[in-house]
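The file upload-v9.cif comes next; it holds mmCIF, C-alpha atoms.
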data_entry
#
loop_
_atom_site.label_atom_id
_atom_site.label_comp_id
_atom_site.auth_asym_id
_atom_site.auth_seq_id
_atom_site.Cartn_x
_atom_site.Cartn_y
_atom_site.Cartn_z
CA MET A 1298 73.75 143.56 155.12
CA PRO A 1299 76.11 143.65 152.20
CA LYS A 1300 75.81 140.95 149.61
CA ILE A 1301 78.66 138.45 149.41
CA LYS A 1302 80.47 139.03 146.19
CA ILE A 1303 80.95 136.02 144.00
CA PRO A 1304 84.18 136.22 142.01
CA LYS A 1305 83.33 136.63 138.41
CA HIS A 1306 86.08 134.61 136.73
CA SER A 1307 85.59 130.94 136.09
CA PRO A 1308 86.82 128.41 138.69
CA SER A 1309 89.65 127.14 136.51
CA ILE A 1310 92.98 125.82 137.77
CA ASP A 1311 96.18 126.35 135.91
CA MET A 1312 97.14 122.86 134.84
CA THR A 1313 100.34 123.72 133.03
CA PRO A 1314 102.78 122.59 135.78
CA MET A 1315 100.92 119.34 136.19
CA VAL A 1316 101.00 118.68 132.46
CA ASP A 1317 104.69 119.53 132.40
CA LEU A 1318 105.36 117.03 135.13
CA ALA A 1319 103.20 114.36 133.58
CA PHE A 1320 104.97 114.63 130.25
CA LEU A 1321 108.36 114.70 131.93
CA LEU A 1322 107.54 111.43 133.65
CA VAL A 1323 106.12 109.95 130.45
CA THR A 1324 109.31 110.81 128.60
CA PHE A 1325 111.45 109.37 131.36
CA PHE A 1326 109.60 106.08 131.51
CA MET A 1327 109.50 105.82 127.73
CA LEU A 1328 113.25 106.18 127.48
CA ALA A 1329 114.08 104.09 130.52
CA ALA A 1330 111.74 101.24 129.72
CA SER A 1331 113.12 98.14 128.14
CA PHE A 1332 110.61 95.75 126.77
CA ARG A 1333 111.04 92.08 127.09
CA PRO A 1334 110.45 90.23 123.85
CA SER A 1335 107.54 87.86 124.17
CA GLU A 1336 108.71 84.39 125.00
CA PRO A 1337 106.89 81.08 124.84
CA VAL A 1338 107.97 80.24 128.38
CA THR A 1339 107.71 82.03 131.70
CA VAL A 1340 110.41 81.35 134.22
CA GLU A 1341 110.72 82.54 137.78
CA SER A 1342 114.44 82.74 138.47
CA PRO A 1343 115.88 82.01 141.89
CA SER A 1344 117.70 84.88 143.61
CA SER A 1345 121.38 85.36 144.37
CA VAL A 1346 123.70 88.13 145.54
CA SER A 1347 125.61 88.15 142.26
CA ASP A 1348 125.81 91.52 140.52
CA LYS A 1349 127.18 90.34 137.19
CA VAL A 1350 125.06 91.65 134.33
CA ILE A 1351 123.89 89.20 131.70
CA PRO A 1352 126.47 89.16 128.83
CA GLU A 1353 125.51 90.42 125.36
CA ASN A 1354 126.66 87.56 123.20
CA ASN A 1355 125.17 84.49 124.79
CA ILE A 1356 123.72 81.06 124.27
CA MET A 1357 120.87 80.47 126.66
CA VAL A 1358 119.16 77.24 127.58
CA THR A 1359 115.94 77.64 129.52
CA LEU A 1360 114.29 75.01 131.66
CA ASP A 1361 110.74 75.57 132.78
CA ALA A 1362 109.23 74.18 135.97
CA ASP A 1363 108.38 70.86 134.27
CA GLY A 1364 111.89 70.45 132.89
CA LYS A 1365 111.07 71.30 129.25
CA VAL A 1366 114.12 72.60 127.44
CA PHE A 1367 114.22 75.78 125.37
CA PHE A 1368 117.10 77.26 123.39
CA ASN A 1369 118.05 80.80 122.50
CA LEU A 1370 120.95 82.51 120.79
CA THR A 1371 121.27 86.29 120.86
CA ASP A 1372 123.15 87.14 117.69
CA PRO A 1373 120.85 87.16 114.59
CA GLU A 1374 123.64 86.29 112.14
CA ALA A 1375 124.76 83.40 114.30
CA ARG A 1376 121.14 82.22 114.52
CA LYS A 1377 120.92 82.03 110.72
CA GLU A 1378 124.15 80.09 110.44
CA THR A 1379 123.15 77.70 113.22
CA LEU A 1380 119.73 77.05 111.72
CA MET A 1381 121.18 76.34 108.27
CA ASN A 1382 123.69 73.88 109.76
CA MET A 1383 121.00 72.19 111.82
CA ALA A 1384 118.62 71.98 108.84
CA GLY A 1385 121.43 70.43 106.80
CA LEU A 1386 122.24 67.89 109.49
CA TYR A 1387 118.65 66.76 110.03
CA LYS A 1388 117.74 67.15 106.31
CA ILE A 1389 114.93 69.64 106.91
CA SER A 1390 114.16 72.02 104.07
CA MET A 1391 113.59 75.65 104.92
CA ASN A 1392 113.07 78.62 102.68
CA ASP A 1393 114.84 81.96 102.99
CA GLU A 1394 111.82 83.61 104.52
CA GLN A 1395 111.71 81.08 107.34
CA ILE A 1396 115.42 81.50 108.02
CA GLU A 1397 115.00 85.27 108.10
CA LYS A 1398 112.03 84.95 110.46
CA PHE A 1399 113.95 82.58 112.71
CA SER A 1400 116.83 85.03 113.08
CA LEU A 1401 114.46 87.57 114.63
CA MET A 1402 112.70 85.12 116.94
CA SER A 1403 113.45 84.65 120.62
CA THR A 1404 113.53 81.47 122.68
CA PHE A 1405 112.04 78.34 121.14
CA GLY A 1406 111.56 74.85 122.43
CA CYS A 1407 110.57 72.25 119.87
CA ALA A 1408 112.09 69.35 118.00
CA ILE A 1409 113.78 70.23 114.71
CA LYS A 1410 110.99 68.50 112.74
CA GLU A 1411 108.38 70.82 114.24
CA LEU A 1412 110.51 73.90 113.72
CA PRO A 1413 109.33 74.99 110.21
CA SER A 1414 105.67 74.91 111.25
CA TYR A 1415 106.57 76.67 114.51
CA ILE A 1416 108.34 79.45 112.62
CA ASP A 1417 105.28 79.99 110.43
CA LEU A 1418 103.06 80.70 113.43
CA SER A 1419 102.37 84.21 114.64
CA GLY A 1420 103.66 85.47 117.99
CA ASP A 1421 100.49 84.69 119.93
CA GLU A 1422 100.08 81.25 118.45
CA ARG A 1423 103.62 80.33 119.43
CA LYS A 1424 102.76 80.78 123.09
CA THR A 1425 100.10 78.09 122.92
CA PHE A 1426 102.13 75.74 120.73
CA GLU A 1427 102.11 72.27 122.28
CA THR A 1428 105.68 71.02 122.53
CA LYS A 1429 107.79 68.67 124.53
CA GLY A 1430 110.85 70.88 124.47
CA ILE A 1431 114.11 70.21 122.68
CA PRO A 1432 115.04 66.52 122.89
CA LEU A 1433 118.27 65.78 124.73
CA ASP A 1434 118.31 62.06 125.39
CA SER A 1435 121.29 60.04 124.30
CA LEU A 1436 119.64 58.68 121.12
CA ASP A 1437 118.47 62.02 119.79
CA ASN A 1438 120.51 64.75 121.41
CA GLN A 1439 119.39 67.78 119.40
CA LEU A 1440 120.29 70.20 122.19
CA LYS A 1441 123.92 69.16 121.95
CA ASN A 1442 123.95 69.93 118.23
CA TRP A 1443 122.20 73.25 118.75
CA ILE A 1444 124.77 74.24 121.35
CA SER A 1445 127.82 73.10 119.38
CA TYR A 1446 126.72 74.72 116.09
CA GLY A 1447 125.53 77.79 118.00
CA ASN A 1448 128.87 78.06 119.74
CA VAL A 1449 130.82 77.98 116.46
CA ALA A 1450 128.52 80.55 114.85
CA ALA A 1451 128.53 82.84 117.89
CA LEU A 1452 132.32 82.63 118.09
CA ASN A 1453 132.54 83.78 114.46
CA SER A 1454 130.14 86.67 114.91
CA GLY A 1455 131.94 87.58 118.13
CA LYS A 1456 135.21 87.69 116.19
CA THR A 1457 133.71 90.02 113.57
CA ALA A 1458 132.38 92.31 116.29
CA PHE A 1459 135.80 92.26 117.93
CA GLU A 1460 137.55 93.23 114.66
CA GLU A 1461 135.02 96.02 114.08
CA ALA A 1462 135.62 97.39 117.55
CA ARG A 1463 139.35 97.29 116.98
CA LEU A 1464 139.07 99.11 113.64
CA LYS A 1465 137.16 101.84 115.43
CA GLY A 1466 140.27 102.47 117.48
CA LEU A 1467 138.99 100.95 120.69
CA SER A 1468 141.00 98.45 122.65
CA PRO A 1469 138.50 95.67 123.19
CA LEU A 1470 139.07 92.53 125.21
CA ALA A 1471 138.60 89.39 123.13
CA GLU A 1472 137.03 87.71 126.15
CA ASP A 1473 134.07 90.10 126.10
CA PHE A 1474 133.10 88.99 122.59
CA ARG A 1475 133.20 85.27 123.17
CA PRO A 1476 129.80 83.68 123.64
CA LYS A 1477 128.81 82.95 127.22
CA PHE A 1478 126.70 79.99 128.22
CA ILE A 1479 123.67 80.72 130.29
CA ILE A 1480 121.25 78.40 131.99
CA ARG A 1481 117.93 79.83 133.05
CA VAL A 1482 116.05 77.65 135.46
CA ASP A 1483 112.79 78.01 137.27
CA SER A 1484 112.94 77.94 141.07
CA LYS A 1485 110.79 74.84 141.08
CA THR A 1486 112.74 72.86 138.49
CA VAL A 1487 114.20 69.70 139.96
CA TYR A 1488 117.98 70.01 139.93
CA LYS A 1489 118.47 66.57 138.41
CA LYS A 1490 116.73 67.81 135.27
CA ALA A 1491 118.98 70.85 135.10
CA GLU A 1492 121.93 68.55 135.59
CA LYS A 1493 121.09 66.80 132.32
CA VAL A 1494 121.40 70.09 130.47
CA ILE A 1495 124.58 70.91 132.37
CA ASP A 1496 125.99 67.52 131.37
CA VAL A 1497 125.32 68.36 127.71
CA PHE A 1498 127.43 71.49 128.12
CA ARG A 1499 130.11 69.54 129.93
CA GLU A 1500 130.25 66.89 127.22
CA LEU A 1501 131.09 69.69 124.81
CA ASN A 1502 133.80 70.78 127.24
CA LEU A 1503 131.99 74.03 128.06
CA ASN A 1504 132.39 74.08 131.81
CA ASN A 1505 131.95 77.75 132.68
CA LEU A 1506 128.24 78.19 133.05
CA ASN A 1507 126.12 81.07 134.28
CA PHE A 1508 122.80 80.81 136.07
CA VAL A 1509 120.26 83.57 135.58
CA THR A 1510 119.22 84.93 138.94
CA SER A 1511 117.34 87.92 140.25
CA SER A 1512 119.37 90.05 142.58
CA GLU A 1513 119.03 90.09 146.34
CA PHE A 1514 120.70 91.91 149.22
CA ASN A 1515 124.37 91.05 149.73
CA PRO A 1516 125.47 91.09 153.39
CA ASN A 1517 129.14 91.47 152.37
CA ASN A 1518 128.94 94.80 150.56
CA PRO A 1519 125.83 96.68 151.55
CA MET B 229 87.29 120.08 133.85
CA ALA B 230 89.72 122.82 133.36
CA GLU B 231 87.11 125.40 132.75
CA ILE B 232 83.47 125.49 133.32
CA ALA B 233 81.73 126.93 130.36
CA GLU B 234 80.08 130.13 131.27
CA SER B 235 77.01 131.24 129.58
CA GLY B 236 77.46 134.77 128.41
CA GLY B 237 75.92 137.06 130.97
CA GLY B 238 73.56 139.83 130.01
CA GLY B 239 71.13 140.08 127.16
CA HIS B 240 72.06 140.11 123.52
CA ASP B 241 72.02 143.40 121.82
CA LYS B 242 69.96 143.12 118.71
CA GLY B 243 71.70 143.83 115.44
CA LYS B 244 74.93 144.80 117.01
CA LYS B 245 77.82 142.68 115.93
CA ARG B 246 80.38 142.10 118.63
CA ALA B 247 83.74 140.46 118.49
CA LYS B 248 83.46 137.25 120.49
CA LYS B 249 85.10 137.36 123.85
CA ALA B 250 86.51 133.85 123.65
CA SER B 251 89.25 133.21 126.11
CA THR B 252 92.73 132.32 124.84
CA ARG B 253 92.87 129.30 127.09
CA VAL B 254 92.96 125.85 125.57
CA ASP B 255 91.12 123.07 127.26
CA MET B 256 93.95 120.85 128.42
CA THR B 257 91.86 118.10 129.95
CA PRO B 258 92.14 115.56 127.09
CA MET B 259 95.86 116.10 126.91
CA VAL B 260 96.26 115.55 130.63
CA ASP B 261 94.13 112.43 130.38
CA LEU B 262 96.33 111.09 127.64
CA ALA B 263 99.54 112.01 129.45
CA PHE B 264 98.50 110.18 132.58
CA LEU B 265 97.26 107.21 130.61
CA LEU B 266 100.67 106.89 128.95
CA LEU B 267 102.39 107.45 132.25
CA THR B 268 100.45 104.65 133.90
CA PHE B 269 101.15 102.35 130.95
CA PHE B 270 104.89 102.91 131.03
CA VAL B 271 105.11 102.68 134.81
CA LEU B 272 103.35 99.35 134.79
CA THR B 273 105.10 97.76 131.81
CA SER B 274 108.69 98.90 132.23
CA THR B 275 111.19 96.51 133.75
CA PHE B 276 114.17 98.20 135.24
CA SER B 277 116.46 95.64 136.73
CA LYS B 278 118.14 93.52 134.11
CA PRO B 279 118.50 89.94 135.23
CA LYS B 280 121.84 89.07 136.73
CA VAL B 281 123.91 85.95 136.26
CA MET B 282 125.83 83.86 138.73
CA SER B 283 128.76 82.04 137.21
CA LEU B 284 129.76 78.60 138.31
CA ALA B 285 132.62 76.54 136.90
CA TYR B 286 131.88 72.86 136.68
CA PRO B 287 134.64 70.28 136.85
CA ALA B 288 135.68 69.05 133.41
CA LYS B 289 134.30 65.70 132.36
CA ILE B 290 136.80 62.90 132.44
CA ASP B 291 136.21 60.17 129.88
CA LYS B 292 137.17 57.25 132.10
CA PRO B 293 136.82 58.14 135.76
CA ASP B 294 138.84 55.94 138.07
CA PRO B 295 136.48 54.86 140.84
CA GLY B 296 139.18 53.49 143.12
CA LYS B 297 141.15 56.71 143.23
CA ALA B 298 138.87 59.34 144.64
CA PRO B 299 141.02 62.40 145.36
CA LYS B 300 141.74 62.87 149.04
CA LEU B 301 139.79 65.76 150.43
CA ASN B 302 141.42 67.66 153.21
CA ASN B 303 139.60 70.54 154.79
CA GLY B 304 136.42 69.99 152.87
CA ILE B 305 132.74 70.06 153.59
CA THR B 306 130.16 68.07 151.67
CA PHE B 307 126.57 69.20 151.42
CA LEU B 308 123.82 66.77 150.66
CA LEU B 309 120.80 68.59 149.32
CA SER B 310 117.26 67.36 149.36
CA LYS B 311 114.01 69.24 148.85
CA ASP B 312 114.22 72.33 151.07
CA SER B 313 116.63 70.69 153.48
CA ILE B 314 120.42 70.58 153.75
CA TYR B 315 122.63 68.04 155.46
CA TYR B 316 126.37 68.17 155.67
CA TYR B 317 129.43 66.40 156.95
CA THR B 318 133.03 67.56 157.10
CA GLY B 319 136.09 65.78 155.85
CA GLU B 320 136.07 62.30 154.36
CA PHE B 321 133.05 60.06 154.05
CA TYR B 322 133.11 56.85 156.08
CA PRO B 323 130.25 54.44 155.38
CA LYS B 324 128.92 52.20 158.14
CA ASP B 325 130.80 49.12 157.04
CA LYS B 326 134.09 51.01 156.82
CA PRO B 327 134.16 53.43 159.78
CA GLY B 328 136.93 56.00 160.07
CA PRO B 329 138.84 57.02 163.19
CA ASN B 330 135.72 58.67 164.65
CA GLY B 331 133.25 56.01 163.58
CA PRO B 332 130.95 56.21 160.55
CA THR B 333 130.01 59.61 159.14
CA GLN B 334 127.01 61.30 160.74
CA LEU B 335 125.00 63.82 158.78
CA ILE B 336 124.23 67.12 160.46
CA SER B 337 121.05 68.92 159.52
CA THR B 338 120.97 72.68 158.89
CA ASN B 339 118.81 75.26 157.12
CA PHE B 340 119.00 78.36 154.93
CA SER B 341 118.62 80.90 157.75
CA ASN B 342 121.40 83.28 158.84
CA ASN B 343 122.24 81.05 161.79
CA GLY B 344 122.18 77.92 159.68
CA VAL B 345 124.39 77.26 156.73
CA ARG B 346 125.85 80.78 156.66
CA LYS B 347 127.21 80.42 160.18
CA VAL B 348 128.55 76.93 159.50
CA LEU B 349 130.45 78.13 156.45
CA ALA B 350 131.73 81.27 158.16
CA ASP B 351 133.06 79.21 161.07
CA LEU B 352 134.74 76.62 158.89
CA ASN B 353 136.17 79.18 156.51
CA SER B 354 137.38 81.56 159.21
CA TYR B 355 140.95 81.14 157.91
CA VAL B 356 140.03 83.00 154.70
CA LEU B 357 137.52 85.40 156.21
CA LYS B 358 139.95 86.61 158.91
CA ARG B 359 142.71 87.23 156.40
CA LYS B 360 140.24 88.93 154.10
CA GLU B 361 139.37 91.36 156.89
CA GLY B 362 143.07 92.14 157.26
CA LEU B 363 143.33 92.83 153.53
CA VAL B 364 140.23 95.05 153.56
CA ARG B 365 141.71 97.05 156.43
CA LYS B 366 144.91 97.56 154.45
CA VAL B 367 142.94 98.75 151.41
CA LYS B 368 140.96 101.17 153.56
CA ALA B 369 144.18 102.55 155.07
CA LYS B 370 145.48 103.01 151.50
CA GLN B 371 148.37 100.63 152.08
CA MET B 372 147.27 98.35 149.28
CA ALA B 373 145.91 98.87 145.78
CA ASP B 374 142.55 97.48 144.70
CA THR B 375 144.07 95.27 142.04
CA THR B 376 146.52 93.71 144.49
CA TYR B 377 143.63 93.13 146.86
CA ILE B 378 141.66 91.21 144.23
CA ALA B 379 144.69 89.14 143.27
CA GLN B 380 145.52 88.43 146.92
CA LEU B 381 141.93 87.44 147.66
CA GLU B 382 141.90 85.02 144.73
CA LYS B 383 145.16 83.51 145.95
CA LEU B 384 143.75 83.25 149.45
CA LYS B 385 140.63 81.44 148.23
CA GLY B 386 142.79 78.82 146.55
CA ASP B 387 144.95 78.34 149.64
CA LEU B 388 145.40 74.81 151.03
CA GLU B 389 143.92 75.92 154.34
CA ALA B 390 140.84 77.42 152.68
CA LEU B 391 137.59 75.48 152.84
CA LYS B 392 136.54 73.41 149.83
CA VAL B 393 132.91 72.66 149.17
CA LEU B 394 131.31 69.68 147.49
CA VAL B 395 127.63 69.88 146.63
CA LYS B 396 125.62 66.73 146.02
CA THR B 397 121.94 66.66 145.27
CA ASP B 398 119.33 63.93 145.46
CA ASP B 399 116.39 63.48 143.08
CA LEU B 400 114.08 65.87 144.91
CA ALA B 401 116.23 68.97 145.38
CA THR B 402 115.04 71.95 143.34
CA CYS B 403 117.17 74.47 141.48
CA LYS B 404 116.21 77.09 144.05
CA ASN B 405 117.79 74.97 146.81
CA PHE B 406 120.90 74.48 144.73
CA ILE B 407 121.34 78.12 143.79
CA ASP B 408 120.62 79.28 147.34
CA LEU B 409 123.36 77.02 148.60
CA ILE B 410 125.87 78.11 145.96
CA ASP B 411 124.99 81.66 146.89
CA GLU B 412 125.76 81.04 150.57
CA VAL B 413 129.04 79.41 149.57
CA LYS B 414 129.96 82.49 147.53
CA ILE B 415 129.04 84.81 150.40
CA ALA B 416 131.48 82.86 152.59
CA GLU B 417 134.27 83.63 150.06
CA ILE B 418 134.91 80.03 149.14
CA GLY B 419 136.85 79.58 145.92
CA VAL B 420 136.58 75.87 145.29
CA ILE B 421 133.04 74.68 144.69
CA ALA B 422 132.35 71.39 142.98
CA PRO B 423 128.89 70.06 142.19
CA VAL B 424 129.42 66.31 142.02
CA PRO B 425 127.15 63.26 141.81
CA MET B 426 126.08 61.59 145.04
CA LEU B 427 127.48 58.21 146.05
CA SER B 428 124.95 55.44 146.65
CA SER B 429 126.14 55.00 150.24
CA GLU B 430 125.64 58.70 150.85
CA LEU B 431 122.16 58.58 149.36
CA LYS B 432 121.28 55.70 151.68
CA LEU B 433 122.49 57.66 154.69
CA LEU B 434 120.59 60.75 153.55
CA ASN B 435 117.33 58.85 153.11
CA GLU B 436 117.72 57.30 156.56
CA LYS B 437 118.29 60.74 158.04
CA ILE B 438 115.27 62.27 156.26
CA LYS B 439 112.97 59.46 157.44
CA LYS B 440 113.84 60.20 161.06
#

Please lay out the structure from this file as structure tokens.
Amino acid sequence: MPKIKIPKHSPSIDMTPMVDLAFLLVTFFMLAASFRPSEPVTVESPSSVSDKVIPENNIMVTLDADGKVFFNLTDPEARKETLMNMAGLYKISMNDEQIEKFSLMSTFGCAIKELPSYIDLSGDERKTFETKGIPLDSLDNQLKNWISYGNVAALNSGKTAFEEARLKGLSPLAEDFRPKFIIRVDSKTVYKKAEKVIDVFRELNLNNLNFVTSSEFNPNNP
Amino acid sequence: MAEIAESGGGGHDKGKKRAKKASTRVDMTPMVDLAFLLLTFFVLTSTFSKPKVMSLAYPAKIDKPDPGKAPKLNNGITFLLSKDSIYYYTGEFYPKDKPGPNGPTQLISTNFSNNGVRKVLADLNSYVLKRKEGLVRKVKAKQMADTTYIAQLEKLKGDLEALKVLVKTDDLATCKNFIDLIDEVKIAEIGVIAPVPMLSSELKLLNEKIKK
């Protein structure tokens, strides 16, 4: 009986195609991924059929499930201007470093008095910072001031961006550069609490509001 | 393992120096490990869909509202929202002590299913929806341009015959309820939506209805 021949070369598999594929996918996900900046509040948005993408230049007020109010402004330059105006109004002293740090921060939700110590915290500490949200009652309506100063500053930075786009030879629409007002609510937030924030916007005569929603299937245009 | 190390077969020749027969293959295993680790990381952390926004125009605030002169609402529907439940009535509101031609207003209960509020709105707004279908047919037959279609649809939504919606919420309704309802209203192609505060007589009626 003849002996069964064992192949002499090693039992190796050519892994090159697999590696190629793996790196292709890695590259794709790296480029396609967009990271969310860490925020001190987690919000589960309700869903709607709307397909309007969130505008670039915006002023966003967030309400978490308990009704705590948070504020955010996208444009860094406008953030600086707003903070300086707010600090002047409430007579809070801030150094340049704090202002610079604030311009790169994301959403925050604390009274203006707590703000300097909040800015000095590191990213992880901010998440555990105990706060009651931005006050918006009639005696101490800080949210109203944030929105009105933020609106002026964002309008200015929007104008500069508009001029820049026009100098580049594009034909931009002025409407696209105006700040948009966004309300982000949690599904479980009681509507009456959101209404208080909405009333602040309406008192400033800003009646066109946008609600952040996650998208769902639209029966009208499948 | 890409390759299993083989121990060199055969005995060693003493004194004879041989060029090593090392293979030109590189062990790719660590690289593959790393690649898949990165792949898993990016797959799990990346968020693709950017959040969307739904715009809603609120009525402008009037400094001194005139309580006696509530605007007359023809062809309107009013929704009263409570936690996870919707009630509605059509037309004007008639409290118990001041009944209208058909007696005092009765609230009708509905829900967020396809046969609930969506059907109610589609039935009441059939004036707009039927004409919209006609417009869509014209666009599909290339008798009308897209831009004209959009302009015509906007005009149609603001028509006197089109349905107008008032949304009133009580203290328990959540934002999810509110946004779901606005969403249904938008699906039914309704142009005029007004979130307004609830009257005390309406709240009383709503609470009575919920208790039942």

Dig up all the protein and nucleic acid residues within 8 Å of (143.9, 79.2, 159.2) in the file frame, using all atoms listed in the file, and format them as an MDAnalysis selection string. chainID B and resid 354:356 389:390

How close does each residue of range 1484-1509 of chain A get to range 402-414 of chain B, giving the shortest atom pair and distance in Å to one decimal for every residue with an atom at most 10 Å away, counting all atoms listed in the file, sorted by chain and residue number, as JSON lines?
{"residue": "A:Ser1484", "atom": "CA", "partner": "B:Lys404", "partner_atom": "CA", "distance": 4.5}
{"residue": "A:Lys1485", "atom": "CA", "partner": "B:Thr402", "partner_atom": "CA", "distance": 5.6}
{"residue": "A:Thr1486", "atom": "CA", "partner": "B:Thr402", "partner_atom": "CA", "distance": 5.4}
{"residue": "A:Val1487", "atom": "CA", "partner": "B:Thr402", "partner_atom": "CA", "distance": 4.1}
{"residue": "A:Tyr1488", "atom": "CA", "partner": "B:Cys403", "partner_atom": "CA", "distance": 4.8}
{"residue": "A:Lys1489", "atom": "CA", "partner": "B:Thr402", "partner_atom": "CA", "distance": 8.1}
{"residue": "A:Lys1490", "atom": "CA", "partner": "B:Cys403", "partner_atom": "CA", "distance": 9.1}
{"residue": "A:Ala1491", "atom": "CA", "partner": "B:Cys403", "partner_atom": "CA", "distance": 7.6}
{"residue": "A:Glu1492", "atom": "CA", "partner": "B:Cys403", "partner_atom": "CA", "distance": 9.6}
{"residue": "A:Phe1508", "atom": "CA", "partner": "B:Ile407", "partner_atom": "CA", "distance": 8.3}
{"residue": "A:Val1509", "atom": "CA", "partner": "B:Ile407", "partner_atom": "CA", "distance": 9.9}

Contacts from chain A to chain B, 7 Å maximum, only C-alpha atoms: show me the residue list as number ranges by chain. A: 1307-1310, 1316, 1319-1320, 1322-1323, 1326-1327, 1330-1332, 1343, 1345-1351, 1482, 1484-1489, 1499-1500, 1502, 1504-1512, 1517

So which residues get picked by the PyMOL selection byres ((chain A and resi 1452) around 10) here, written as a PDB file with C-alpha atoms, in the frame of the given file?
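This is the output file part-v3.pdb:
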ATOM      1  CA  ASN A1354     126.660  87.560 123.200  1.00  0.00           C
ATOM      2  CA  ASN A1355     125.170  84.490 124.790  1.00  0.00           C
ATOM      3  CA  ALA A1375     124.760  83.400 114.300  1.00  0.00           C
ATOM      4  CA  TYR A1446     126.720  74.720 116.090  1.00  0.00           C
ATOM      5  CA  GLY A1447     125.530  77.790 118.000  1.00  0.00           C
ATOM      6  CA  ASN A1448     128.870  78.060 119.740  1.00  0.00           C
ATOM      7  CA  VAL A1449     130.820  77.980 116.460  1.00  0.00           C
ATOM      8  CA  ALA A1450     128.520  80.550 114.850  1.00  0.00           C
ATOM      9  CA  ALA A1451     128.530  82.840 117.890  1.00  0.00           C
ATOM     10  CA  ASN A1453     132.540  83.780 114.460  1.00  0.00           C
ATOM     11  CA  SER A1454     130.140  86.670 114.910  1.00  0.00           C
ATOM     12  CA  GLY A1455     131.940  87.580 118.130  1.00  0.00           C
ATOM     13  CA  LYS A1456     135.210  87.690 116.190  1.00  0.00           C
ATOM     14  CA  THR A1457     133.710  90.020 113.570  1.00  0.00           C
ATOM     15  CA  ALA A1458     132.380  92.310 116.290  1.00  0.00           C
ATOM     16  CA  PHE A1474     133.100  88.990 122.590  1.00  0.00           C
ATOM     17  CA  ARG A1475     133.200  85.270 123.170  1.00  0.00           C
ATOM     18  CA  PRO A1476     129.800  83.680 123.640  1.00  0.00           C
ATOM     19  CA  LYS A1477     128.810  82.950 127.220  1.00  0.00           C
TER      20      LYS A1477
END

Selection result for the PyMOL selection byres ((chain A and resi 1426-1438) around 8) on this file, as a PDB file with C-alpha atoms, in the coordinates of the input:
ATOM      1  CA  LYS A1365     111.070  71.300 129.250  1.00  0.00           C
ATOM      2  CA  VAL A1366     114.120  72.600 127.440  1.00  0.00           C
ATOM      3  CA  PHE A1367     114.220  75.780 125.370  1.00  0.00           C
ATOM      4  CA  PHE A1368     117.100  77.260 123.390  1.00  0.00           C
ATOM      5  CA  GLY A1406     111.560  74.850 122.430  1.00  0.00           C
ATOM      6  CA  CYS A1407     110.570  72.250 119.870  1.00  0.00           C
ATOM      7  CA  ALA A1408     112.090  69.350 118.000  1.00  0.00           C
ATOM      8  CA  ILE A1409     113.780  70.230 114.710  1.00  0.00           C
ATOM      9  CA  TYR A1415     106.570  76.670 114.510  1.00  0.00           C
ATOM     10  CA  GLU A1422     100.080  81.250 118.450  1.00  0.00           C
ATOM     11  CA  ARG A1423     103.620  80.330 119.430  1.00  0.00           C
ATOM     12  CA  LYS A1424     102.760  80.780 123.090  1.00  0.00           C
ATOM     13  CA  THR A1425     100.100  78.090 122.920  1.00  0.00           C
ATOM     14  CA  GLN A1439     119.390  67.780 119.400  1.00  0.00           C
ATOM     15  CA  LEU A1440     120.290  70.200 122.190  1.00  0.00           C
ATOM     16  CA  LYS A1441     123.920  69.160 121.950  1.00  0.00           C
ATOM     17  CA  ASN A1442     123.950  69.930 118.230  1.00  0.00           C
ATOM     18  CA  VAL A1494     121.400  70.090 130.470  1.00  0.00           C
TER      19      VAL A1494
END

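For the atom pair formed by CA of Glu436 in chain B and CA of Gly344 in chain B, the distance is 21.3 Å, given to one decimal.
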
Which residues match the PyMOL selection byres ((chain B and resi 375-379) around 12) in the file above, as a PyMOL selection string? chain B and resi 359-368+370-374+380-386

Could you please take those selected residues and save C-alpha atoms as a PDB file, in the coordinates of the input?
ATOM      1  CA  ARG B 359     142.710  87.230 156.400  1.00  0.00           C
ATOM      2  CA  LYS B 360     140.240  88.930 154.100  1.00  0.00           C
ATOM      3  CA  GLU B 361     139.370  91.360 156.890  1.00  0.00           C
ATOM      4  CA  GLY B 362     143.070  92.140 157.260  1.00  0.00           C
ATOM      5  CA  LEU B 363     143.330  92.830 153.530  1.00  0.00           C
ATOM      6  CA  VAL B 364     140.230  95.050 153.560  1.00  0.00           C
ATOM      7  CA  ARG B 365     141.710  97.050 156.430  1.00  0.00           C
ATOM      8  CA  LYS B 366     144.910  97.560 154.450  1.00  0.00           C
ATOM      9  CA  VAL B 367     142.940  98.750 151.410  1.00  0.00           C
ATOM     10  CA  LYS B 368     140.960 101.170 153.560  1.00  0.00           C
ATOM     11  CA  LYS B 370     145.480 103.010 151.500  1.00  0.00           C
ATOM     12  CA  GLN B 371     148.370 100.630 152.080  1.00  0.00           C
ATOM     13  CA  MET B 372     147.270  98.350 149.280  1.00  0.00           C
ATOM     14  CA  ALA B 373     145.910  98.870 145.780  1.00  0.00           C
ATOM     15  CA  ASP B 374     142.550  97.480 144.700  1.00  0.00           C
ATOM     16  CA  GLN B 380     145.520  88.430 146.920  1.00  0.00           C
ATOM     17  CA  LEU B 381     141.930  87.440 147.660  1.00  0.00           C
ATOM     18  CA  GLU B 382     141.900  85.020 144.730  1.00  0.00           C
ATOM     19  CA  LYS B 383     145.160  83.510 145.950  1.00  0.00           C
ATOM     20  CA  LEU B 384     143.750  83.250 149.450  1.00  0.00           C
ATOM     21  CA  LYS B 385     140.630  81.440 148.230  1.00  0.00           C
ATOM     22  CA  GLY B 386     142.790  78.820 146.550  1.00  0.00           C
TER      23      GLY B 386
END
